[in-house]
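Asker: Sending over a structure as structure tokens; questions will come in a sec.
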Amino acid sequence: MPHLLISAAHKSSGKTTISVGICAALRDRGLAVQPFKKGPDYIDPLWLGEASGRSCHNLDFYTMSETEILGTFARHSAVADIAIIEGNKGLYDGLDLLGSNSNAALAELLDAPVVLVIDARGMTRGIAPLILGYQAFDPDIRIAGVILNRLGGRRHESKLRAVIEHYTDARVVGAIYDDAALEIVERHLGLMPSNEAAAASGKIASIAHAVAGQVDLDAVVELARGAPSVTRPGSAEASAGVVADVRIGVVRDAAFGFYYPDDLTALENAGAQLVFLDALHDQRLPELDGLFIGGGFPEVQMEALERNAALRGAIRRALEAGLPSYAECGGLMYLARSITWNDRTCEMAGIIPGEVVMHARPQGRGYVRLRETASFPWPRLGPMADAPVEINAHEFHYSKLENLTPNAAFAYDVLRGYGTDGARDGILVHRTLASYTHLRDVAGNHWTARFVRYVRDNRLGAGAPAAATSQ
């Protein structure tokens, strides 16, 4: 099970571009590359998945137990030739003083050698104490290689290599020259998602070509092969092969692309047949028992979403008639009355009694913790049947829901984070739950099974009454 973790000295060092390039370049060599992303993220995994040709899976201490992280990693990497894990932020950055959820902690848990990406712009001799400090800070972390990024040219590279060789024992496995053409376009939520970039495949090919020429891929594979095997913990898993008895629409297009692949699989394992929809182009809503609209960038596509009045109207009528639906972040924005961004307002589906306004700064960002209210509509299953349900999840939104009707019902009290208004999240309208929070189907929160049961009960006439929220 060859594997390694690509991290950096600090965020924005270029590790995503390099990780994408390594995945694509190794794939071009004929290797089956399984990508992983540390932490809660949708955008980087879209690029990593596109580059490798395999769905990227997230490994996150906040929402997953160590046993679950080990199981997820072992299960998906077992059928690949090499696993590439991209970190988030810097190698030792984390939520607490001890770095219990840091990239270093993940490397230690997975016994993964680390390749450290260093943004070396303007650096010469100073790179030595930086590397020595990172090596000495935690002796249990094996920094197996270094990739120098954004170099000024051959002379700069020669100076850095001489300094590193003289003062450290670090192995330089790559030196990438500064090239704006290799950068993935950024915007307010980070890297542009690959499902939106029309030239994503061409961009990835260019990055792969540059990385293949400036990174020693043989050395990268050698380092990965030096990693010990990760034992898959024995645990019960959801059984596949369940008869699909409900049809759940999933809106997935250039506006809505933020879905965890494991969550989609979990929906199917719970008995859902997934029917994928395009909110930009589809004119009608097919026969469905439920609807799921994930996150994305609807503000970027709001004119096209507004032009597709036929589908917006069909969704509004279906939800008003009681079709169970679940919407996260971008999905919430689409279900509101309108979206305003850059002095332009576009009409949306109009189910949620409020207007979405984009802001220059994040309105909610990072990890959240929620407690379900008595109004939460989905049934409790298994061990959660009698206990108050608290959920670890995450949010990242620059928009805010404004002018919300004062008698709105909510599914969650926010214990950490912002949600809709700093105290609540999960607006309930008819049989729709719309939240700024992104959930993950993990051991502590099997939301997919609960939603599928809610959809199934509604189809059979046994569902809870619709929320009494006025419009």
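Labels used: A, B, ... for chains in the order of the structure tokens, numbers from 1 for residues in each chain, and numbers from 1 for ligands as shown.
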Determine which residues of segment 250-419 of chain A DSSP labels as strand (DSSP E) from the backbone of this structure, then write them out as a ChimeraX atom specification.

Answerer: /A:250-251,256-258,272-277,290-293,295-296,325-328,336-341,344-347,352-358,364-372,390-397,399-402,409-416

Asker: Can you list, as a compact mmCIF listing (two decimals) with N, CA and C atoms, in the first residue's frame, every protein, DNA or RNA residue that comes within 7 Å of segment 431-444 of chain A when you count only C-alpha atoms, leaving out same-chain residues fewer than 3 positions away?

Answerer:
# COMPACT_ATOMS: atom_id res chain seq x y z
N MET A 64 -14.54 12.53 11.88
CA MET A 64 -14.30 11.09 11.83
C MET A 64 -13.43 10.67 13.02
N ASP A 263 -20.84 9.95 0.63
CA ASP A 263 -22.23 10.25 0.98
C ASP A 263 -23.17 9.77 -0.12
N GLY A 322 -44.96 19.21 -1.02
CA GLY A 322 -44.52 18.31 0.03
C GLY A 322 -43.42 17.33 -0.35
N LEU A 323 -42.76 17.52 -1.50
CA LEU A 323 -41.66 16.64 -1.85
C LEU A 323 -40.53 16.84 -0.83
N PRO A 324 -40.08 15.78 -0.16
CA PRO A 324 -38.98 15.93 0.80
C PRO A 324 -37.71 16.37 0.10
N SER A 325 -37.03 17.34 0.66
CA SER A 325 -35.80 17.81 0.04
C SER A 325 -34.81 18.24 1.10
N TYR A 326 -33.55 18.18 0.71
CA TYR A 326 -32.46 18.60 1.58
C TYR A 326 -31.50 19.44 0.75
N ALA A 327 -31.13 20.62 1.27
CA ALA A 327 -30.27 21.54 0.54
C ALA A 327 -29.17 22.05 1.46
N GLU A 328 -27.93 22.09 0.92
CA GLU A 328 -26.78 22.57 1.68
C GLU A 328 -26.17 23.79 1.02
N CYS A 329 -26.04 24.87 1.75
CA CYS A 329 -25.29 26.06 1.35
C CYS A 329 -25.73 26.58 -0.02
N LEU A 332 -29.27 25.92 -0.50
CA LEU A 332 -30.09 26.89 0.25
C LEU A 332 -30.23 28.18 -0.54
N ALA A 393 -19.73 19.20 11.99
CA ALA A 393 -19.84 19.41 10.55
C ALA A 393 -18.98 20.62 10.19
N HIS A 394 -19.25 21.24 9.02
CA HIS A 394 -18.45 22.40 8.62
C HIS A 394 -19.28 23.34 7.75
N GLU A 395 -18.82 24.58 7.62
CA GLU A 395 -19.47 25.59 6.79
C GLU A 395 -18.42 26.48 6.17
N GLY A 419 -23.82 29.35 11.00
CA GLY A 419 -25.09 28.88 10.46
C GLY A 419 -25.81 29.97 9.70
N THR A 420 -27.12 30.13 9.97
CA THR A 420 -27.92 31.13 9.29
C THR A 420 -27.84 32.50 9.95
N ASP A 425 -29.62 27.18 12.48
CA ASP A 425 -29.40 26.78 11.09
C ASP A 425 -30.41 25.70 10.76
N GLY A 426 -30.52 25.40 9.47
CA GLY A 426 -31.44 24.36 9.04
C GLY A 426 -32.88 24.87 8.97
N ILE A 427 -33.15 25.73 8.01
CA ILE A 427 -34.50 26.28 7.86
C ILE A 427 -35.45 25.18 7.40
N LEU A 428 -36.63 25.14 8.00
CA LEU A 428 -37.63 24.13 7.67
C LEU A 428 -38.82 24.80 7.00
N TRP A 447 -26.50 10.64 8.31
CA TRP A 447 -27.62 11.46 7.86
C TRP A 447 -28.29 10.87 6.63
N THR A 448 -27.55 10.17 5.80
CA THR A 448 -28.13 9.66 4.55
C THR A 448 -29.24 8.65 4.83
N ALA A 466 -45.54 18.55 7.42
CA ALA A 466 -44.66 19.59 6.90
C ALA A 466 -44.52 20.71 7.93
N ALA A 467 -43.34 21.37 7.90
CA ALA A 467 -43.11 22.49 8.82
C ALA A 467 -44.07 23.63 8.50

Asker: Considering only C-alpha atoms, return as a VMD selection string whatever protein or nucleic-acid residues lie within 12 Å of Met302 of chain A, sequence-local ones (same chain, fewer than 3 positions apart) excluded.

Answerer: chain A and resid 254 to 256 279 to 280 296 to 299 305 to 309 312 330 333 to 335 338 to 342 344 to 349 356 358

Asker: Just write the chosen residues, C-alpha atoms, as a PDB file, in the first residue's frame.

Answerer:
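To be explicit, this is the file written out as part_34.pdb:
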ATOM      1  CA  ALA A 254     -21.504  23.789 -12.934  1.00  0.00           C
ATOM      2  CA  ALA A 255     -23.415  25.566 -10.146  1.00  0.00           C
ATOM      3  CA  PHE A 256     -23.738  22.637  -7.718  1.00  0.00           C
ATOM      4  CA  ALA A 279     -30.337  23.095 -12.873  1.00  0.00           C
ATOM      5  CA  LEU A 280     -28.862  25.132 -15.719  1.00  0.00           C
ATOM      6  CA  GLY A 296     -21.392  25.047  -5.048  1.00  0.00           C
ATOM      7  CA  PHE A 297     -21.201  28.497  -6.608  1.00  0.00           C
ATOM      8  CA  PRO A 298     -24.766  29.389  -7.633  1.00  0.00           C
ATOM      9  CA  GLU A 299     -23.891  33.098  -7.536  1.00  0.00           C
ATOM     10  CA  LEU A 305     -30.261  29.671 -13.074  1.00  0.00           C
ATOM     11  CA  GLU A 306     -32.690  32.574 -13.335  1.00  0.00           C
ATOM     12  CA  ARG A 307     -33.165  31.996 -17.075  1.00  0.00           C
ATOM     13  CA  ASN A 308     -34.182  28.394 -16.451  1.00  0.00           C
ATOM     14  CA  ALA A 309     -37.551  29.440 -15.053  1.00  0.00           C
ATOM     15  CA  ARG A 312     -37.173  26.625 -10.923  1.00  0.00           C
ATOM     16  CA  GLY A 330     -25.458  26.640  -2.421  1.00  0.00           C
ATOM     17  CA  MET A 333     -29.168  29.895  -1.885  1.00  0.00           C
ATOM     18  CA  TYR A 334     -30.972  28.414  -4.891  1.00  0.00           C
ATOM     19  CA  LEU A 335     -34.122  27.784  -2.867  1.00  0.00           C
ATOM     20  CA  SER A 338     -33.157  35.726  -4.858  1.00  0.00           C
ATOM     21  CA  ILE A 339     -29.377  36.045  -4.892  1.00  0.00           C
ATOM     22  CA  THR A 340     -27.700  39.471  -4.926  1.00  0.00           C
ATOM     23  CA  TRP A 341     -24.050  39.743  -5.941  1.00  0.00           C
ATOM     24  CA  ASN A 342     -22.019  42.597  -7.424  1.00  0.00           C
ATOM     25  CA  ARG A 344     -27.045  42.337  -9.571  1.00  0.00           C
ATOM     26  CA  THR A 345     -30.066  40.440  -8.262  1.00  0.00           C
ATOM     27  CA  CYS A 346     -31.430  37.246  -9.817  1.00  0.00           C
ATOM     28  CA  GLU A 347     -34.623  35.439  -8.954  1.00  0.00           C
ATOM     29  CA  MET A 348     -34.315  31.934  -7.536  1.00  0.00           C
ATOM     30  CA  ALA A 349     -36.790  29.174  -6.627  1.00  0.00           C
ATOM     31  CA  VAL A 356     -29.452  35.771  -0.185  1.00  0.00           C
ATOM     32  CA  MET A 358     -23.172  37.957  -1.091  1.00  0.00           C
TER      33      MET A 358
END

Asker: What gap, in Å, lies between atom CA of Pro377 of chain A and atom CA of Gly39 of chain A?

Answerer: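 Rounded to one decimal, the two atoms are 28.4 Å apart.
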
Asker: Compare A:Pro40, A:Gly417, A:Pro406, A:Pro286 by their minimum atom-to-atom distance to Gly364 of chain A, counting only C-alpha atoms, and give me the closest one.

Answerer: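 Nearest candidate to Gly364 of chain A out of A:Pro40, A:Gly417, A:Pro406, A:Pro286: A:Gly417.
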
Asker: Can you tell me, as a list in words, what residues are no more than 7 Å from Ser77 of chain A when counting only C-alpha atoms, ignoring any on the same chain fewer than 3 positions away?

Answerer: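 The contact residues come out as Met1, Gln34, Phe73, Ala74, Ala80 and Ala83 of chain A.
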
Asker: Any idea what's packed within 10 Å of Ala266 of chain A, counting only C-alpha atoms, ignoring anything in its chain fewer than 4 positions away? Could you give it as a list in words?

Answerer: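 Within the cut-off, the hits are Ala238, Ser239, Ala240, Tyr260, Pro261, Asp262, Ala270, Gly271, Ala272, Asp441, Val442, His446, Trp447, Thr448, Ala449 and Val452 of chain A.
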
Asker: Which is closer to Val220 of chain A than all the others in A:Ile82, A:Leu70, A:Ala24, A:Arg232, using only C-alpha atoms?

Answerer: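 Among A:Ile82, A:Leu70, A:Ala24, A:Arg232, it is A:Ile82 that comes nearest to Val220 of chain A.
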
Asker: Write out as a ChimeraX atom specification the residues lying within 6 Å of Ala120 of chain A, counting only C-alpha atoms and excluding same-chain residues fewer than 2 positions away.

Answerer: /A:118,123,149

Asker: Any chance you could export the current selection's C-alpha atoms as a PDB file, in the first residue's frame?

Answerer:
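Result written to again_31.pdb:
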ATOM      1  CA  ILE A 118       8.193  24.994   0.208  1.00  0.00           C
ATOM      2  CA  MET A 123      14.748  32.449  -0.179  1.00  0.00           C
ATOM      3  CA  ASN A 149       8.224  25.620  -5.555  1.00  0.00           C
TER       4      ASN A 149
END

Asker: Apply DSSP to the backbone of this structure and, from segment 75-316 of chain A, keep only the residues in alpha helix (DSSP H); write these as JSON, numbers by chain.

Answerer: {"A": [75, 76, 77, 103, 104, 105, 106, 107, 108, 109, 127, 128, 129, 130, 131, 132, 133, 134, 135, 136, 137, 154, 155, 156, 157, 158, 159, 160, 161, 162, 163, 164, 165, 166, 167, 200, 201, 202, 203, 204, 205, 206, 207, 208, 209, 210, 211, 212, 213, 214, 217, 218, 219, 220, 221, 222, 223, 224, 225, 261, 262, 263, 264, 265, 266, 267, 268, 269, 302, 303, 304, 305, 306, 307, 309, 310, 311, 312, 313, 314, 315, 316]}

Asker: Could you list, as number ranges by chain, every residue within 6 Å of Arg369 of chain A, counting only C-alpha atoms and ignoring same-chain residues fewer than 5 positions away?

Answerer: A: 391-392, 415-416

Asker: So, counting only C-alpha atoms, which residue among A:Ile143, A:Ile22, A:Val221, A:Ala411 is closest to Val115 of chain A?

Answerer: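 Among the listed residues, A:Ile143 lies closest to Val115 of chain A.
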